[in-house]
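Report on one structure; see the data block that follows.
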Amino acid sequence: MKKIFRIVFYLIAIGAVVFLFRTPLAQIFSILQNKYLPCNQPITYSLGSFDERFGVSKEKFLNIISIAKKTWEKSIDKELFIYAPSGNLKINLIYDIRQEASQKLKDIGITVSDTRASYNDLKSRYTAMQADYLKLKTEFESRVALFKNRQSTYEKEVMSLNKKGGASKDEYNRLSKEKNYLDTEFAEINKLQTEINFKIENINALVVVLNRLVSSLNIEVDKFNTIGGELGGEFEEGTYKEGPAGREIDIFQFDNEGKLARVLTHEFGHALGLEHLENAKAVMYYLNNGVNEKLTAEDITALRKRCDLFAR
Ligand SMILES: [Zn+2]
């Protein structure tokens, strides 16, 4: 009797362990399967974190994911991805400076396209905004210096009059006027500071987008610098990663639905195990921001090779 209890206990314990590690095990299995038996089973995907600030609904996002998935599937007439509410491949929409910058430019009426003309336009706006900013900064600094000067003179005068025991009517009037001036100037300086901060934000947004164009158009210039902080790193619209924690696609930036489909197609390519290709027109070209949404012959060859479809 005791023995049976023990066996039942062990079975429950094993069950609990398998249950607890169910998700990671499924993920590891999916990664191994993808590695050794690519294209054999469709990769299940689901939505991970989803940021509303992109202004796209979950339904729309899933539709666009479906366009990206079909782009690969049509090319070899095989189901490669399938949506499941807890699918192994998590697709995340992550909002950071990249999308925020593009949004900010839109808000101030600047439209951007991945063209040299758009780059040149942004660059001249950058030069103008930078000059404007430097002018305001100089004005700000000199006004602050002047203000500090007059403020300390005022304080010294007030202190010395207090020591003396009081001020004459004339002195009092003059100091009251000076106090008014200082209060008004302080408020004005604060306003100027706000205006400058606003300009800095716009310039920094412009820099983020300019640097994106520099890399997507392969322009030979030094990266533009932001004001007051390093944004650093390469601009990536999306990334694919896999590891013990699972497989994930992170999407950071897109200007329109076509671009989103393009980035997703590229990252799906990585999920299928494809590497980057040399042809700049290929979806699997290392710069994940081309305008070409269609697969090139190289993309399809790479997929067929990966799925081992040549022998058939
Ligand atoms: Zn890539």
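Ligands are numbered from 1 in the order shown, chains are lettered A, B, ... in the order of the structure tokens, and residues start at 1 in each chain.
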Per-residue nearest contacts chain A to ligand 1, cut-off 8 Å, using only C-alpha atoms and all ligand atoms, as JSON lines:
```
{"residue": "A:Thr239", "atom": "CA", "partner": "ligand 1", "partner_atom_place_in_ligand_line": "1 (Zn)", "distance": 6.8}
{"residue": "A:Tyr240", "atom": "CA", "partner": "ligand 1", "partner_atom_place_in_ligand_line": "1 (Zn)", "distance": 7.5}
{"residue": "A:His266", "atom": "CA", "partner": "ligand 1", "partner_atom_place_in_ligand_line": "1 (Zn)", "distance": 6.4}
{"residue": "A:Glu267", "atom": "CA", "partner": "ligand 1", "partner_atom_place_in_ligand_line": "1 (Zn)", "distance": 6.4}
{"residue": "A:His270", "atom": "CA", "partner": "ligand 1", "partner_atom_place_in_ligand_line": "1 (Zn)", "distance": 6.7}
{"residue": "A:Glu275", "atom": "CA", "partner": "ligand 1", "partner_atom_place_in_ligand_line": "1 (Zn)", "distance": 7.3}
{"residue": "A:His276", "atom": "CA", "partner": "ligand 1", "partner_atom_place_in_ligand_line": "1 (Zn)", "distance": 6.1}
{"residue": "A:Met284", "atom": "CA", "partner": "ligand 1", "partner_atom_place_in_ligand_line": "1 (Zn)", "distance": 6.4}
{"residue": "A:Tyr285", "atom": "CA", "partner": "ligand 1", "partner_atom_place_in_ligand_line": "1 (Zn)", "distance": 7.1}
{"residue": "A:Tyr286", "atom": "CA", "partner": "ligand 1", "partner_atom_place_in_ligand_line": "1 (Zn)", "distance": 5.1}
{"residue": "A:Leu287", "atom": "CA", "partner": "ligand 1", "partner_atom_place_in_ligand_line": "1 (Zn)", "distance": 6.9}
{"residue": "A:Asn288", "atom": "CA", "partner": "ligand 1", "partner_atom_place_in_ligand_line": "1 (Zn)", "distance": 6.0}
```
Produce a file of the selected residues containing N, CA, C and O atoms, as a PDB file, in the first residue's frame.
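selection22.pdb was written with the following content:
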```pdb
ATOM      1  N   THR A 239      14.485  42.893 -35.342  1.00  0.00           N
ATOM      2  CA  THR A 239      15.515  41.883 -35.086  1.00  0.00           C
ATOM      3  C   THR A 239      14.838  40.529 -34.864  1.00  0.00           C
ATOM      4  O   THR A 239      13.676  40.463 -34.473  1.00  0.00           O
ATOM      5  N   TYR A 240      15.615  39.477 -35.133  1.00  0.00           N
ATOM      6  CA  TYR A 240      15.146  38.130 -34.802  1.00  0.00           C
ATOM      7  C   TYR A 240      16.153  37.540 -33.841  1.00  0.00           C
ATOM      8  O   TYR A 240      17.360  37.668 -34.037  1.00  0.00           O
ATOM      9  N   HIS A 266      11.497  39.926 -43.767  1.00  0.00           N
ATOM     10  CA  HIS A 266      12.935  39.735 -43.517  1.00  0.00           C
ATOM     11  C   HIS A 266      13.154  38.921 -42.233  1.00  0.00           C
ATOM     12  O   HIS A 266      13.903  37.941 -42.222  1.00  0.00           O
ATOM     13  N   GLU A 267      12.481  39.307 -41.160  1.00  0.00           N
ATOM     14  CA  GLU A 267      12.686  38.609 -39.881  1.00  0.00           C
ATOM     15  C   GLU A 267      12.129  37.182 -39.938  1.00  0.00           C
ATOM     16  O   GLU A 267      12.701  36.266 -39.340  1.00  0.00           O
ATOM     17  N   HIS A 270      14.790  35.036 -41.276  1.00  0.00           N
ATOM     18  CA  HIS A 270      15.741  34.595 -40.242  1.00  0.00           C
ATOM     19  C   HIS A 270      15.144  33.451 -39.427  1.00  0.00           C
ATOM     20  O   HIS A 270      15.830  32.503 -39.082  1.00  0.00           O
ATOM     21  N   GLU A 275      20.157  33.254 -43.917  1.00  0.00           N
ATOM     22  CA  GLU A 275      21.180  34.254 -43.592  1.00  0.00           C
ATOM     23  C   GLU A 275      21.000  35.443 -44.549  1.00  0.00           C
ATOM     24  O   GLU A 275      20.173  35.394 -45.457  1.00  0.00           O
ATOM     25  N   HIS A 276      21.846  36.448 -44.366  1.00  0.00           N
ATOM     26  CA  HIS A 276      21.768  37.596 -45.261  1.00  0.00           C
ATOM     27  C   HIS A 276      22.318  37.270 -46.647  1.00  0.00           C
ATOM     28  O   HIS A 276      23.171  36.402 -46.789  1.00  0.00           O
ATOM     29  N   MET A 284      16.402  39.420 -48.038  1.00  0.00           N
ATOM     30  CA  MET A 284      17.373  39.011 -47.025  1.00  0.00           C
ATOM     31  C   MET A 284      18.702  39.781 -47.118  1.00  0.00           C
ATOM     32  O   MET A 284      19.689  39.381 -46.514  1.00  0.00           O
ATOM     33  N   TYR A 285      18.695  40.910 -47.835  1.00  0.00           N
ATOM     34  CA  TYR A 285      19.876  41.789 -47.815  1.00  0.00           C
ATOM     35  C   TYR A 285      20.037  42.298 -46.386  1.00  0.00           C
ATOM     36  O   TYR A 285      19.046  42.478 -45.678  1.00  0.00           O
ATOM     37  N   TYR A 286      21.303  42.525 -45.961  1.00  0.00           N
ATOM     38  CA  TYR A 286      21.500  42.819 -44.537  1.00  0.00           C
ATOM     39  C   TYR A 286      20.798  44.088 -44.071  1.00  0.00           C
ATOM     40  O   TYR A 286      20.379  44.199 -42.929  1.00  0.00           O
ATOM     41  N   LEU A 287      20.672  45.066 -44.990  1.00  0.00           N
ATOM     42  CA  LEU A 287      19.923  46.263 -44.596  1.00  0.00           C
ATOM     43  C   LEU A 287      18.448  45.928 -44.709  1.00  0.00           C
ATOM     44  O   LEU A 287      17.936  45.658 -45.785  1.00  0.00           O
ATOM     45  N   ASN A 288      17.842  45.955 -43.552  1.00  0.00           N
ATOM     46  CA  ASN A 288      16.465  45.486 -43.469  1.00  0.00           C
ATOM     47  C   ASN A 288      15.484  46.605 -43.774  1.00  0.00           C
ATOM     48  O   ASN A 288      14.505  46.793 -43.091  1.00  0.00           O
TER      49      ASN A 288
END
```
Please provide the set of residues having any atom within 6 Å of Leu89 of chain A, restricted to only C-alpha atoms, with same-chain residues fewer than 3 positions apart removed, written as a PyMOL selection string. chain A and resi 45+247-248
Contacts between segment 61-85 of chain A and segment 275-311 of chain A, please, where a residue of segment 275-311 of chain A counts if it comes within 10 Å (with only C-alpha atoms); show its shortest atom pair and distance in Å to one decimal, rows by chain and ascending number, as CSV.
```
residue,atom,partner,partner_atom,distance
A:Glu293,CA,A:Thr71,CA,8.7
A:Lys294,CA,A:Thr71,CA,7.4
A:Leu295,CA,A:Thr71,CA,7.4
A:Ala297,CA,A:Ser75,CA,9.8
A:Asp299,CA,A:Trp72,CA,9.1
A:Ile300,CA,A:Ser75,CA,6.5
A:Thr301,CA,A:Ser75,CA,9.6
A:Leu303,CA,A:Ile76,CA,8.1
A:Arg304,CA,A:Ile76,CA,7.2
A:Cys307,CA,A:Ile76,CA,9.2
A:Leu309,CA,A:Ile76,CA,8.6
```
With a distance cut-off of 6 Å and only C-alpha atoms, select the neighbouring residues of segment 98-114 of chain A, excluding the residue or stretch itself and same-chain residues fewer than 4 positions from it, and output the selection as a list in words. Ser118, Ala205 and Gln253 of chain A
Would you list, as a PDB file with all heavy atoms, in the first residue's frame, the residues of segment 61-93 of chain A that end up in alpha helix (DSSP H) under DSSP run on this structure's backbone?
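Okay, this is what ended up in part38.pdb:
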```pdb
ATOM      1  N   PHE A  61      -2.280  44.330 -37.384  1.00  0.00           N
ATOM      2  CA  PHE A  61      -0.918  43.817 -37.241  1.00  0.00           C
ATOM      3  C   PHE A  61      -0.863  42.340 -37.669  1.00  0.00           C
ATOM      4  O   PHE A  61       0.012  41.926 -38.423  1.00  0.00           O
ATOM      5  CB  PHE A  61      -0.459  44.004 -35.789  1.00  0.00           C
ATOM      6  CG  PHE A  61       1.006  43.748 -35.555  1.00  0.00           C
ATOM      7  CD1 PHE A  61       1.978  44.329 -36.346  1.00  0.00           C
ATOM      8  CD2 PHE A  61       1.425  42.915 -34.513  1.00  0.00           C
ATOM      9  CE1 PHE A  61       3.336  44.101 -36.118  1.00  0.00           C
ATOM     10  CE2 PHE A  61       2.775  42.674 -34.276  1.00  0.00           C
ATOM     11  CZ  PHE A  61       3.732  43.274 -35.089  1.00  0.00           C
ATOM     12  N   LEU A  62      -1.847  41.576 -37.195  1.00  0.00           N
ATOM     13  CA  LEU A  62      -1.898  40.149 -37.574  1.00  0.00           C
ATOM     14  C   LEU A  62      -2.105  39.979 -39.079  1.00  0.00           C
ATOM     15  O   LEU A  62      -1.531  39.075 -39.692  1.00  0.00           O
ATOM     16  CB  LEU A  62      -3.000  39.433 -36.790  1.00  0.00           C
ATOM     17  CG  LEU A  62      -2.641  39.107 -35.328  1.00  0.00           C
ATOM     18  CD1 LEU A  62      -3.868  38.654 -34.552  1.00  0.00           C
ATOM     19  CD2 LEU A  62      -1.542  38.032 -35.247  1.00  0.00           C
ATOM     20  N   ASN A  63      -2.899  40.882 -39.664  1.00  0.00           N
ATOM     21  CA  ASN A  63      -3.105  40.826 -41.123  1.00  0.00           C
ATOM     22  C   ASN A  63      -1.796  41.034 -41.870  1.00  0.00           C
ATOM     23  O   ASN A  63      -1.512  40.358 -42.856  1.00  0.00           O
ATOM     24  CB  ASN A  63      -4.067  41.942 -41.567  1.00  0.00           C
ATOM     25  CG  ASN A  63      -5.501  41.522 -41.370  1.00  0.00           C
ATOM     26  OD1 ASN A  63      -5.782  40.333 -41.232  1.00  0.00           O
ATOM     27  ND2 ASN A  63      -6.399  42.486 -41.331  1.00  0.00           N
ATOM     28  N   ILE A  64      -1.015  42.006 -41.380  1.00  0.00           N
ATOM     29  CA  ILE A  64       0.243  42.320 -42.064  1.00  0.00           C
ATOM     30  C   ILE A  64       1.248  41.184 -41.851  1.00  0.00           C
ATOM     31  O   ILE A  64       1.998  40.821 -42.761  1.00  0.00           O
ATOM     32  CB  ILE A  64       0.783  43.700 -41.604  1.00  0.00           C
ATOM     33  CG1 ILE A  64      -0.247  44.780 -41.980  1.00  0.00           C
ATOM     34  CG2 ILE A  64       2.123  44.010 -42.260  1.00  0.00           C
ATOM     35  CD1 ILE A  64       0.006  46.145 -41.409  1.00  0.00           C
ATOM     36  N   ILE A  65       1.223  40.585 -40.662  1.00  0.00           N
ATOM     37  CA  ILE A  65       2.076  39.415 -40.410  1.00  0.00           C
ATOM     38  C   ILE A  65       1.722  38.323 -41.422  1.00  0.00           C
ATOM     39  O   ILE A  65       2.591  37.645 -41.980  1.00  0.00           O
ATOM     40  CB  ILE A  65       1.880  38.887 -38.966  1.00  0.00           C
ATOM     41  CG1 ILE A  65       2.425  39.896 -37.949  1.00  0.00           C
ATOM     42  CG2 ILE A  65       2.551  37.521 -38.790  1.00  0.00           C
ATOM     43  CD1 ILE A  65       2.135  39.536 -36.500  1.00  0.00           C
ATOM     44  N   SER A  66       0.440  38.201 -41.664  1.00  0.00           N
ATOM     45  CA  SER A  66      -0.036  37.173 -42.579  1.00  0.00           C
ATOM     46  C   SER A  66       0.457  37.424 -44.014  1.00  0.00           C
ATOM     47  O   SER A  66       0.781  36.484 -44.745  1.00  0.00           O
ATOM     48  CB  SER A  66      -1.557  37.151 -42.476  1.00  0.00           C
ATOM     49  OG  SER A  66      -2.077  36.246 -43.344  1.00  0.00           O
ATOM     50  N   ILE A  67       0.557  38.694 -44.387  1.00  0.00           N
ATOM     51  CA  ILE A  67       1.100  39.031 -45.719  1.00  0.00           C
ATOM     52  C   ILE A  67       2.567  38.573 -45.795  1.00  0.00           C
ATOM     53  O   ILE A  67       2.992  37.957 -46.769  1.00  0.00           O
ATOM     54  CB  ILE A  67       1.013  40.560 -45.971  1.00  0.00           C
ATOM     55  CG1 ILE A  67      -0.452  40.979 -46.079  1.00  0.00           C
ATOM     56  CG2 ILE A  67       1.800  40.950 -47.225  1.00  0.00           C
ATOM     57  CD1 ILE A  67      -0.673  42.484 -46.145  1.00  0.00           C
ATOM     58  N   ALA A  68       3.323  38.867 -44.714  1.00  0.00           N
ATOM     59  CA  ALA A  68       4.745  38.493 -44.688  1.00  0.00           C
ATOM     60  C   ALA A  68       4.895  36.974 -44.759  1.00  0.00           C
ATOM     61  O   ALA A  68       5.751  36.439 -45.474  1.00  0.00           O
ATOM     62  CB  ALA A  68       5.394  39.037 -43.423  1.00  0.00           C
ATOM     63  N   LYS A  69       4.063  36.268 -44.043  1.00  0.00           N
ATOM     64  CA  LYS A  69       4.160  34.800 -44.005  1.00  0.00           C
ATOM     65  C   LYS A  69       3.849  34.232 -45.388  1.00  0.00           C
ATOM     66  O   LYS A  69       4.538  33.352 -45.888  1.00  0.00           O
ATOM     67  CB  LYS A  69       3.240  34.283 -42.892  1.00  0.00           C
ATOM     68  CG  LYS A  69       2.227  33.225 -43.235  1.00  0.00           C
ATOM     69  CD  LYS A  69       1.154  33.077 -42.158  1.00  0.00           C
ATOM     70  CE  LYS A  69      -0.048  32.309 -42.671  1.00  0.00           C
ATOM     71  NZ  LYS A  69       0.098  30.868 -42.689  1.00  0.00           N
ATOM     72  N   LYS A  70       2.813  34.793 -46.020  1.00  0.00           N
ATOM     73  CA  LYS A  70       2.420  34.277 -47.342  1.00  0.00           C
ATOM     74  C   LYS A  70       3.488  34.540 -48.398  1.00  0.00           C
ATOM     75  O   LYS A  70       3.622  33.773 -49.351  1.00  0.00           O
ATOM     76  CB  LYS A  70       1.078  34.874 -47.767  1.00  0.00           C
ATOM     77  CG  LYS A  70      -0.090  34.160 -47.103  1.00  0.00           C
ATOM     78  CD  LYS A  70      -1.415  34.784 -47.473  1.00  0.00           C
ATOM     79  CE  LYS A  70      -2.500  34.313 -46.501  1.00  0.00           C
ATOM     80  NZ  LYS A  70      -3.466  35.382 -46.221  1.00  0.00           N
ATOM     81  N   THR A  71       4.226  35.644 -48.221  1.00  0.00           N
ATOM     82  CA  THR A  71       5.291  35.954 -49.184  1.00  0.00           C
ATOM     83  C   THR A  71       6.252  34.771 -49.288  1.00  0.00           C
ATOM     84  O   THR A  71       6.628  34.353 -50.390  1.00  0.00           O
ATOM     85  CB  THR A  71       6.043  37.222 -48.736  1.00  0.00           C
ATOM     86  OG1 THR A  71       5.105  38.281 -48.626  1.00  0.00           O
ATOM     87  CG2 THR A  71       7.127  37.608 -49.731  1.00  0.00           C
ATOM     88  N   TRP A  72       6.633  34.204 -48.145  1.00  0.00           N
ATOM     89  CA  TRP A  72       7.532  33.042 -48.170  1.00  0.00           C
ATOM     90  C   TRP A  72       6.791  31.782 -48.622  1.00  0.00           C
ATOM     91  O   TRP A  72       7.324  30.992 -49.404  1.00  0.00           O
ATOM     92  CB  TRP A  72       8.145  32.802 -46.784  1.00  0.00           C
ATOM     93  CG  TRP A  72       9.168  33.814 -46.399  1.00  0.00           C
ATOM     94  CD1 TRP A  72       9.067  34.751 -45.414  1.00  0.00           C
ATOM     95  CD2 TRP A  72      10.469  33.996 -46.988  1.00  0.00           C
ATOM     96  NE1 TRP A  72      10.203  35.514 -45.346  1.00  0.00           N
ATOM     97  CE2 TRP A  72      11.080  35.074 -46.296  1.00  0.00           C
ATOM     98  CE3 TRP A  72      11.160  33.378 -48.021  1.00  0.00           C
ATOM     99  CZ2 TRP A  72      12.364  35.526 -46.610  1.00  0.00           C
ATOM    100  CZ3 TRP A  72      12.444  33.825 -48.334  1.00  0.00           C
ATOM    101  CH2 TRP A  72      13.027  34.892 -47.634  1.00  0.00           C
ATOM    102  N   GLU A  73       5.583  31.598 -48.118  1.00  0.00           N
ATOM    103  CA  GLU A  73       4.846  30.348 -48.395  1.00  0.00           C
ATOM    104  C   GLU A  73       4.527  30.166 -49.877  1.00  0.00           C
ATOM    105  O   GLU A  73       4.662  29.078 -50.423  1.00  0.00           O
ATOM    106  CB  GLU A  73       3.562  30.309 -47.557  1.00  0.00           C
ATOM    107  CG  GLU A  73       3.876  30.116 -46.073  1.00  0.00           C
ATOM    108  CD  GLU A  73       2.657  30.247 -45.168  1.00  0.00           C
ATOM    109  OE1 GLU A  73       1.624  30.766 -45.637  1.00  0.00           O
ATOM    110  OE2 GLU A  73       2.760  29.815 -43.999  1.00  0.00           O
ATOM    111  N   LYS A  74       4.120  31.291 -50.511  1.00  0.00           N
ATOM    112  CA  LYS A  74       3.763  31.219 -51.933  1.00  0.00           C
ATOM    113  C   LYS A  74       4.949  30.756 -52.773  1.00  0.00           C
ATOM    114  O   LYS A  74       4.788  30.041 -53.747  1.00  0.00           O
ATOM    115  CB  LYS A  74       3.290  32.591 -52.440  1.00  0.00           C
ATOM    116  CG  LYS A  74       1.788  32.790 -52.305  1.00  0.00           C
ATOM    117  CD  LYS A  74       1.365  34.091 -52.979  1.00  0.00           C
ATOM    118  CE  LYS A  74       1.909  35.274 -52.185  1.00  0.00           C
ATOM    119  NZ  LYS A  74       1.566  36.590 -52.679  1.00  0.00           N
ATOM    120  N   SER A  75       6.159  31.177 -52.349  1.00  0.00           N
ATOM    121  CA  SER A  75       7.328  30.909 -53.177  1.00  0.00           C
ATOM    122  C   SER A  75       7.646  29.421 -53.270  1.00  0.00           C
ATOM    123  O   SER A  75       8.249  28.981 -54.249  1.00  0.00           O
ATOM    124  CB  SER A  75       8.532  31.686 -52.651  1.00  0.00           C
ATOM    125  OG  SER A  75       9.040  31.072 -51.486  1.00  0.00           O
ATOM    126  N   ILE A  76       7.272  28.639 -52.264  1.00  0.00           N
ATOM    127  CA  ILE A  76       7.532  27.197 -52.373  1.00  0.00           C
ATOM    128  C   ILE A  76       6.253  26.374 -52.166  1.00  0.00           C
ATOM    129  O   ILE A  76       6.302  25.155 -52.033  1.00  0.00           O
ATOM    130  CB  ILE A  76       8.627  26.716 -51.372  1.00  0.00           C
ATOM    131  CG1 ILE A  76       8.221  27.011 -49.920  1.00  0.00           C
ATOM    132  CG2 ILE A  76       9.986  27.322 -51.693  1.00  0.00           C
ATOM    133  CD1 ILE A  76       9.071  26.266 -48.894  1.00  0.00           C
TER     134      ILE A  76
END
```
Write out as a list of chain:residue names all residues of segment 37-278 of chain A that backbone DSSP assigns to strand (DSSP E).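 Reading the DSSP output for segment 37-278 of chain A, strand (DSSP E) covers A:Ile43, A:Thr44, A:Tyr45, A:Ser46, A:Leu47, A:Gly48, A:Ser49, A:Phe50, A:Phe81, A:Ile82, A:Tyr83, A:Leu89, A:Lys90, A:Ile91, A:Asn92, A:Leu93, A:Gly238, A:Thr239, A:Tyr240, A:Lys241, A:Glu242, A:Gly243, A:Gly246, A:Arg247, A:Glu248, A:Ile249, A:Asp250, A:Ile251.
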Could you write out the selected residues, including N, CA and C atoms, as a PDB file, in the first residue's frame?
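again-v3.pdb, written as the output of this step:
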```pdb
ATOM      1  N   ILE A  43       6.060  26.867 -38.318  1.00  0.00           N
ATOM      2  CA  ILE A  43       6.462  27.518 -37.065  1.00  0.00           C
ATOM      3  C   ILE A  43       5.225  28.217 -36.499  1.00  0.00           C
ATOM      4  N   THR A  44       4.900  27.920 -35.243  1.00  0.00           N
ATOM      5  CA  THR A  44       3.737  28.606 -34.665  1.00  0.00           C
ATOM      6  C   THR A  44       4.174  29.968 -34.129  1.00  0.00           C
ATOM      7  N   TYR A  45       3.384  30.972 -34.410  1.00  0.00           N
ATOM      8  CA  TYR A  45       3.722  32.316 -33.913  1.00  0.00           C
ATOM      9  C   TYR A  45       2.544  32.917 -33.172  1.00  0.00           C
ATOM     10  N   SER A  46       2.870  33.889 -32.328  1.00  0.00           N
ATOM     11  CA  SER A  46       1.834  34.604 -31.577  1.00  0.00           C
ATOM     12  C   SER A  46       2.314  36.021 -31.313  1.00  0.00           C
ATOM     13  N   LEU A  47       1.419  36.854 -30.817  1.00  0.00           N
ATOM     14  CA  LEU A  47       1.820  38.216 -30.479  1.00  0.00           C
ATOM     15  C   LEU A  47       2.416  38.227 -29.079  1.00  0.00           C
ATOM     16  N   GLY A  48       3.538  38.934 -28.930  1.00  0.00           N
ATOM     17  CA  GLY A  48       4.135  39.116 -27.604  1.00  0.00           C
ATOM     18  C   GLY A  48       3.711  40.464 -27.083  1.00  0.00           C
ATOM     19  N   SER A  49       4.696  41.330 -26.779  1.00  0.00           N
ATOM     20  CA  SER A  49       4.302  42.652 -26.299  1.00  0.00           C
ATOM     21  C   SER A  49       3.849  43.489 -27.488  1.00  0.00           C
ATOM     22  N   PHE A  50       2.866  44.292 -27.226  1.00  0.00           N
ATOM     23  CA  PHE A  50       2.221  45.038 -28.309  1.00  0.00           C
ATOM     24  C   PHE A  50       2.006  46.474 -27.859  1.00  0.00           C
ATOM     25  N   PHE A  81       4.371  29.013 -41.624  1.00  0.00           N
ATOM     26  CA  PHE A  81       4.045  29.665 -40.340  1.00  0.00           C
ATOM     27  C   PHE A  81       2.565  29.486 -40.076  1.00  0.00           C
ATOM     28  N   ILE A  82       2.236  29.356 -38.800  1.00  0.00           N
ATOM     29  CA  ILE A  82       0.821  29.247 -38.456  1.00  0.00           C
ATOM     30  C   ILE A  82       0.571  29.978 -37.143  1.00  0.00           C
ATOM     31  N   TYR A  83      -0.506  30.757 -37.130  1.00  0.00           N
ATOM     32  CA  TYR A  83      -0.812  31.510 -35.909  1.00  0.00           C
ATOM     33  C   TYR A  83      -1.399  30.582 -34.848  1.00  0.00           C
ATOM     34  N   LEU A  89       6.969  31.311 -31.618  1.00  0.00           N
ATOM     35  CA  LEU A  89       7.670  32.511 -32.103  1.00  0.00           C
ATOM     36  C   LEU A  89       6.849  33.735 -31.708  1.00  0.00           C
ATOM     37  N   LYS A  90       7.411  34.493 -30.767  1.00  0.00           N
ATOM     38  CA  LYS A  90       6.680  35.684 -30.281  1.00  0.00           C
ATOM     39  C   LYS A  90       7.034  36.876 -31.164  1.00  0.00           C
ATOM     40  N   ILE A  91       6.031  37.604 -31.600  1.00  0.00           N
ATOM     41  CA  ILE A  91       6.284  38.802 -32.394  1.00  0.00           C
ATOM     42  C   ILE A  91       5.923  40.022 -31.546  1.00  0.00           C
ATOM     43  N   ASN A  92       6.938  40.852 -31.284  1.00  0.00           N
ATOM     44  CA  ASN A  92       6.751  42.004 -30.389  1.00  0.00           C
ATOM     45  C   ASN A  92       6.807  43.307 -31.155  1.00  0.00           C
ATOM     46  N   LEU A  93       5.962  44.213 -30.763  1.00  0.00           N
ATOM     47  CA  LEU A  93       5.966  45.556 -31.318  1.00  0.00           C
ATOM     48  C   LEU A  93       6.501  46.464 -30.215  1.00  0.00           C
ATOM     49  N   GLY A 238      14.047  46.018 -37.148  1.00  0.00           N
ATOM     50  CA  GLY A 238      13.556  44.815 -36.493  1.00  0.00           C
ATOM     51  C   GLY A 238      14.711  43.870 -36.220  1.00  0.00           C
ATOM     52  N   THR A 239      14.485  42.893 -35.342  1.00  0.00           N
ATOM     53  CA  THR A 239      15.515  41.883 -35.086  1.00  0.00           C
ATOM     54  C   THR A 239      14.838  40.529 -34.864  1.00  0.00           C
ATOM     55  N   TYR A 240      15.615  39.477 -35.133  1.00  0.00           N
ATOM     56  CA  TYR A 240      15.146  38.130 -34.802  1.00  0.00           C
ATOM     57  C   TYR A 240      16.153  37.540 -33.841  1.00  0.00           C
ATOM     58  N   LYS A 241      15.676  36.922 -32.775  1.00  0.00           N
ATOM     59  CA  LYS A 241      16.613  36.242 -31.882  1.00  0.00           C
ATOM     60  C   LYS A 241      16.019  34.937 -31.392  1.00  0.00           C
ATOM     61  N   GLU A 242      16.907  33.981 -31.138  1.00  0.00           N
ATOM     62  CA  GLU A 242      16.434  32.722 -30.549  1.00  0.00           C
ATOM     63  C   GLU A 242      17.426  32.262 -29.501  1.00  0.00           C
ATOM     64  N   GLY A 243      16.930  31.606 -28.501  1.00  0.00           N
ATOM     65  CA  GLY A 243      17.775  31.132 -27.420  1.00  0.00           C
ATOM     66  C   GLY A 243      16.940  30.282 -26.493  1.00  0.00           C
ATOM     67  N   GLY A 246      13.460  31.145 -25.896  1.00  0.00           N
ATOM     68  CA  GLY A 246      12.486  31.070 -26.980  1.00  0.00           C
ATOM     69  C   GLY A 246      12.934  31.855 -28.197  1.00  0.00           C
ATOM     70  N   ARG A 247      12.000  32.061 -29.093  1.00  0.00           N
ATOM     71  CA  ARG A 247      12.328  32.775 -30.329  1.00  0.00           C
ATOM     72  C   ARG A 247      11.438  33.998 -30.400  1.00  0.00           C
ATOM     73  N   GLU A 248      12.057  35.080 -30.836  1.00  0.00           N
ATOM     74  CA  GLU A 248      11.303  36.333 -30.849  1.00  0.00           C
ATOM     75  C   GLU A 248      11.663  37.203 -32.038  1.00  0.00           C
ATOM     76  N   ILE A 249      10.660  37.882 -32.540  1.00  0.00           N
ATOM     77  CA  ILE A 249      10.889  38.941 -33.529  1.00  0.00           C
ATOM     78  C   ILE A 249      10.489  40.243 -32.858  1.00  0.00           C
ATOM     79  N   ASP A 250      11.414  41.208 -32.849  1.00  0.00           N
ATOM     80  CA  ASP A 250      11.086  42.528 -32.307  1.00  0.00           C
ATOM     81  C   ASP A 250      10.988  43.507 -33.466  1.00  0.00           C
ATOM     82  N   ILE A 251       9.915  44.255 -33.503  1.00  0.00           N
ATOM     83  CA  ILE A 251       9.752  45.287 -34.532  1.00  0.00           C
ATOM     84  C   ILE A 251       9.831  46.647 -33.858  1.00  0.00           C
TER      85      ILE A 251
END
```
Selection near Tyr119 of chain A, 12 Å with only C-alpha atoms, sequence-local residues under 2 positions removed, as a list in words: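 These residues fall inside the cut-off: Ile110, Thr111, Val112, Ser113, Asp114, Thr115, Arg116, Ala117, Asp121, Leu122, Lys123, Ser124, Arg125, Tyr126, Leu206, Val207, Val209, Leu210, Asn211, Arg212, Leu213, Val214, Ser215, Ser216, Leu217, Asn218, Ile219 and Val221 of chain A.
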Which one of A:Glu185, A:Ser176, A:Tyr133, A:Asn120 sits closest to Ala145 of chain A if you count only C-alpha atoms?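 Using only C-alpha atoms, the shortest distance to Ala145 of chain A belongs to A:Glu185.
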Neighbouring residues of Asn197 of chain A were defined as those with any atom within 12 Å, considering only C-alpha atoms; residues of the same chain fewer than 3 positions away were excluded. Please report them as a list in words.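 Contacts, with the query itself left out: Tyr133, Leu136, Lys137, Phe140, Asn190, Lys191, Leu192, Gln193, Thr194, Ile200, Glu201, Asn202, Ile203, Asn204, Ile227 and Gly228 of chain A.
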In Å, rounded to a single decimal, give me how far atom CA of Asn180 of chain A is from atom CA of Lys199 of chain A.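 Here the two named atoms are 28.8 Å from each other.
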